[in-house]
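See below for the structure under consideration.
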Amino acid sequence: MTSERFLYPVSPANRPDEAGLRATVERLARIERPPCSPGEREAAHLIADRLRGLGAAARVEEVPAYGSYAWPVGALTGLAVLAALAGGRSRPLGALGAAVAAAGIAGDAGPGRRVARALLSRRRTACNVVAGVGDRSARRTLVVIAHHDAAPSGRVYDQRPVRWAARRLRLPRLAGRAAPCPPVWWPVLAGPVLVALGAATGLTWVRRAGGALSALATAALADIGARRAVPGANDALSGVSVLVALAEAARRRPLSGLRVILLSAGAEEALQEGVRGFARRHFPDLAHDATWFLDLQALGSGELVLPRTRGPLRGGPFDPDLGDLISRCAAEQGIGLQRVPRPRADGAATVPARHGYPAACLVSVDEQGLIPHYHLPSDVPEHVDYRCVADAAQLAEAVARALAAR
């Protein structure tokens, strides 16, 4: 995409009915939907039926996936704890064990092969909903991604300490200072790295610090693995409601010159397992110079944000030209949108971005720059800001119509 692309006018987009968005969220929030579960499957088929009723060519695709990151990564942090203990007697053994743990965690959280999951987990099945609207014969393609599975909770997601600190330090906003998706993987990886470093150099305090950090991470991951899935109204279903709204908009006012794929992924809360399955199946048929990805994360928090960087460990930029287009569409539609350099997104858009596709992620934050109720049982439909979700749906339609313009 070149800068000349933005000289074309942005077509007006209709604002969807907030009551319809809420109905979608409420219907699906009643289903318990952990990754790779019968509830995830049920939700996928309900979404596909709804999209077919709006004229979309929708189907449910089953892809191999792992249902959790918590237990295999927790086993690796537990290995780092054992390595810290062993390093007191055998420095090579401690360093080796911690290095293996660090490599496994980096591979599981990052773009590499997930060897730990393959060794420690049973492969299951995730259900993706893949629907097509717009000009289905067009080469130019926009893939809009949401997810319908829901995350387990955990004490690590309690926002009260952060909010208390923000008030105590009199910080009216954390946007630009804190990330929409905090870099929680850094301390998880730092534990075994410190153990390996301490064992290799004989620095006892470094090895013990790494062991303590790994012990905390092990406890946090075990807590997450033992929890039930939250309703995920904002953190998942707000994006699904936008997919439904886009299908409705395409039926009312057909798109020409652009194919739109609506992807509601399964097992996203197992670190993009469903999107990885979509990539294996569909990326060979999607041209890099004619395909764009828009990832819809928690959209009902009050204020839309467009992060510029991505990735759980190593940050990389999202496509700046696509970001410019989204920002311009927001301005011309009169929709408030922050484009912030520091907050990074760790969601489905990281997968196509790593494969070289232009990608962007749209999230929302509250007045303190946080996603309220994130991965908490309180993430229920009544806590969603449907005005913000409607803004996101209008913006997503405007982006599609701008890409369709010739």
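By convention in this document, the chains of the structure tokens carry letters A, B, ... by their order, each chain's residues are numbered from 1, and ligands are numbered from 1 in the order they are shown.
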I'd like a table as JSON lines: residues in range 328-361 of chain A with an atom no more than 12 Å from range 235-243 of chain A, each row giving the shortest atom pair and its distance in Å to one decimal, only C-alpha atoms counted, sorted by chain and rising residue number.
{"residue": "A:Gly347", "atom": "CA", "partner": "A:Asp235", "partner_atom": "CA", "distance": 11.0}
{"residue": "A:Ala348", "atom": "CA", "partner": "A:Ala236", "partner_atom": "CA", "distance": 11.6}
{"residue": "A:Cys361", "atom": "CA", "partner": "A:Gly239", "partner_atom": "CA", "distance": 11.3}
Produce a file of the selected residues containing N, CA, C and O atoms, as a CSV table (one decimal), in the first residue's frame.
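Result saved to part-v5.csv:
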chain,number,residue,atom,x,y,z
A,347,GLY,N,-2.0,-9.9,20.2
A,347,GLY,CA,-3.2,-10.6,19.8
A,347,GLY,C,-3.1,-11.2,18.4
A,347,GLY,O,-2.0,-11.5,18.0
A,348,ALA,N,-4.2,-11.5,17.8
A,348,ALA,CA,-4.2,-12.2,16.6
A,348,ALA,C,-3.5,-11.5,15.4
A,348,ALA,O,-2.9,-12.2,14.6
A,361,CYS,N,-4.2,-3.5,14.7
A,361,CYS,CA,-5.0,-4.0,15.8
A,361,CYS,C,-5.8,-2.8,16.4
A,361,CYS,O,-5.2,-1.7,16.6
**Item:** Exercise: Val399 in chain A partners within 9 Å, only C-alpha atoms, chain neighbours under 5 positions left out, as JSON, numbers by chain
**Value:** {"A": [10, 11, 325, 326, 329, 330, 394, 404]}
Export all heavy atoms of the chosen residues as an mmCIF file, in the first residue's frame?
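What landed in result_35.cif:
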data_model
loop_
_atom_site.group_PDB
_atom_site.id
_atom_site.type_symbol
_atom_site.label_atom_id
_atom_site.label_comp_id
_atom_site.auth_asym_id
_atom_site.auth_seq_id
_atom_site.Cartn_x
_atom_site.Cartn_y
_atom_site.Cartn_z
ATOM 1 N N VAL A 10 -12.938 8.716 1.593
ATOM 2 C CA VAL A 10 -13.469 7.687 2.481
ATOM 3 C C VAL A 10 -14.985 7.750 2.432
ATOM 4 O O VAL A 10 -15.583 8.780 2.744
ATOM 5 C CB VAL A 10 -12.979 7.888 3.931
ATOM 6 C CG1 VAL A 10 -13.597 6.851 4.850
ATOM 7 C CG2 VAL A 10 -11.462 7.811 3.984
ATOM 8 N N SER A 11 -15.601 6.667 2.007
ATOM 9 C CA SER A 11 -17.057 6.645 1.911
ATOM 10 C C SER A 11 -17.691 6.672 3.294
ATOM 11 O O SER A 11 -17.170 6.055 4.234
ATOM 12 C CB SER A 11 -17.519 5.385 1.172
ATOM 13 O OG SER A 11 -16.978 5.345 -0.123
ATOM 14 N N LEU A 325 -4.283 4.899 7.209
ATOM 15 C CA LEU A 325 -5.613 4.797 6.613
ATOM 16 C C LEU A 325 -6.688 4.705 7.692
ATOM 17 O O LEU A 325 -7.731 5.371 7.606
ATOM 18 C CB LEU A 325 -5.684 3.588 5.692
ATOM 19 C CG LEU A 325 -7.056 3.295 5.077
ATOM 20 C CD1 LEU A 325 -7.539 4.466 4.258
ATOM 21 C CD2 LEU A 325 -7.020 2.037 4.234
ATOM 22 N N ILE A 326 -6.458 3.888 8.710
ATOM 23 C CA ILE A 326 -7.444 3.746 9.783
ATOM 24 C C ILE A 326 -7.628 5.075 10.512
ATOM 25 O O ILE A 326 -8.762 5.475 10.825
ATOM 26 C CB ILE A 326 -7.010 2.628 10.749
ATOM 27 C CG1 ILE A 326 -7.012 1.280 10.032
ATOM 28 C CG2 ILE A 326 -7.919 2.573 11.977
ATOM 29 C CD1 ILE A 326 -6.391 0.155 10.823
ATOM 30 N N CYS A 329 -9.670 7.375 8.299
ATOM 31 C CA CYS A 329 -11.074 6.964 8.297
ATOM 32 C C CYS A 329 -11.765 7.410 9.578
ATOM 33 O O CYS A 329 -12.910 7.887 9.550
ATOM 34 C CB CYS A 329 -11.175 5.449 8.138
ATOM 35 S SG CYS A 329 -10.777 4.838 6.490
ATOM 36 N N ALA A 330 -11.093 7.253 10.714
ATOM 37 C CA ALA A 330 -11.678 7.684 11.984
ATOM 38 C C ALA A 330 -11.936 9.184 11.980
ATOM 39 O O ALA A 330 -12.998 9.652 12.424
ATOM 40 C CB ALA A 330 -10.748 7.301 13.134
ATOM 41 N N GLN A 394 -18.418 1.082 12.938
ATOM 42 C CA GLN A 394 -18.476 2.102 11.898
ATOM 43 C C GLN A 394 -17.101 2.332 11.285
ATOM 44 O O GLN A 394 -16.959 2.473 10.067
ATOM 45 C CB GLN A 394 -19.023 3.405 12.489
ATOM 46 C CG GLN A 394 -19.201 4.527 11.476
ATOM 47 C CD GLN A 394 -19.754 5.794 12.110
ATOM 48 O OE1 GLN A 394 -20.136 5.811 13.286
ATOM 49 N NE2 GLN A 394 -19.805 6.857 11.340
ATOM 50 N N ALA A 404 -11.753 -0.598 -0.716
ATOM 51 C CA ALA A 404 -12.457 -0.995 -1.928
ATOM 52 C C ALA A 404 -12.444 0.085 -2.997
ATOM 53 O O ALA A 404 -12.643 -0.197 -4.183
ATOM 54 C CB ALA A 404 -13.901 -1.367 -1.598
#
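Of the residues listed (A:Ser327, A:Asn14, A:Thr24, A:Ser90), A:Ser90 shows the shortest atom-to-atom separation from Thr201 in chain A; distances use only C-alpha atoms.
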**Item:** Nearest-residue call for Gly277 in chain A, choices A:Ala359, A:Ile224, A:Ala233, A:Cys127, using only C-alpha atoms
**Value:** A:Cys127
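Backbone DSSP over range 77-275 of chain A yields strand (DSSP E) at A:Arg124, A:Thr125, A:Ala126, A:Cys127, A:Asn128, A:Val129, A:Val130, A:Ala131, A:Gly132, A:Val133, A:Gly134, A:Thr141, A:Leu142, A:Val143, A:Val144, A:Ile145, A:Ala146, A:His147, A:Arg259, A:Val260, A:Ile261, A:Leu262, A:Leu263, A:Ser264, A:Ala265.
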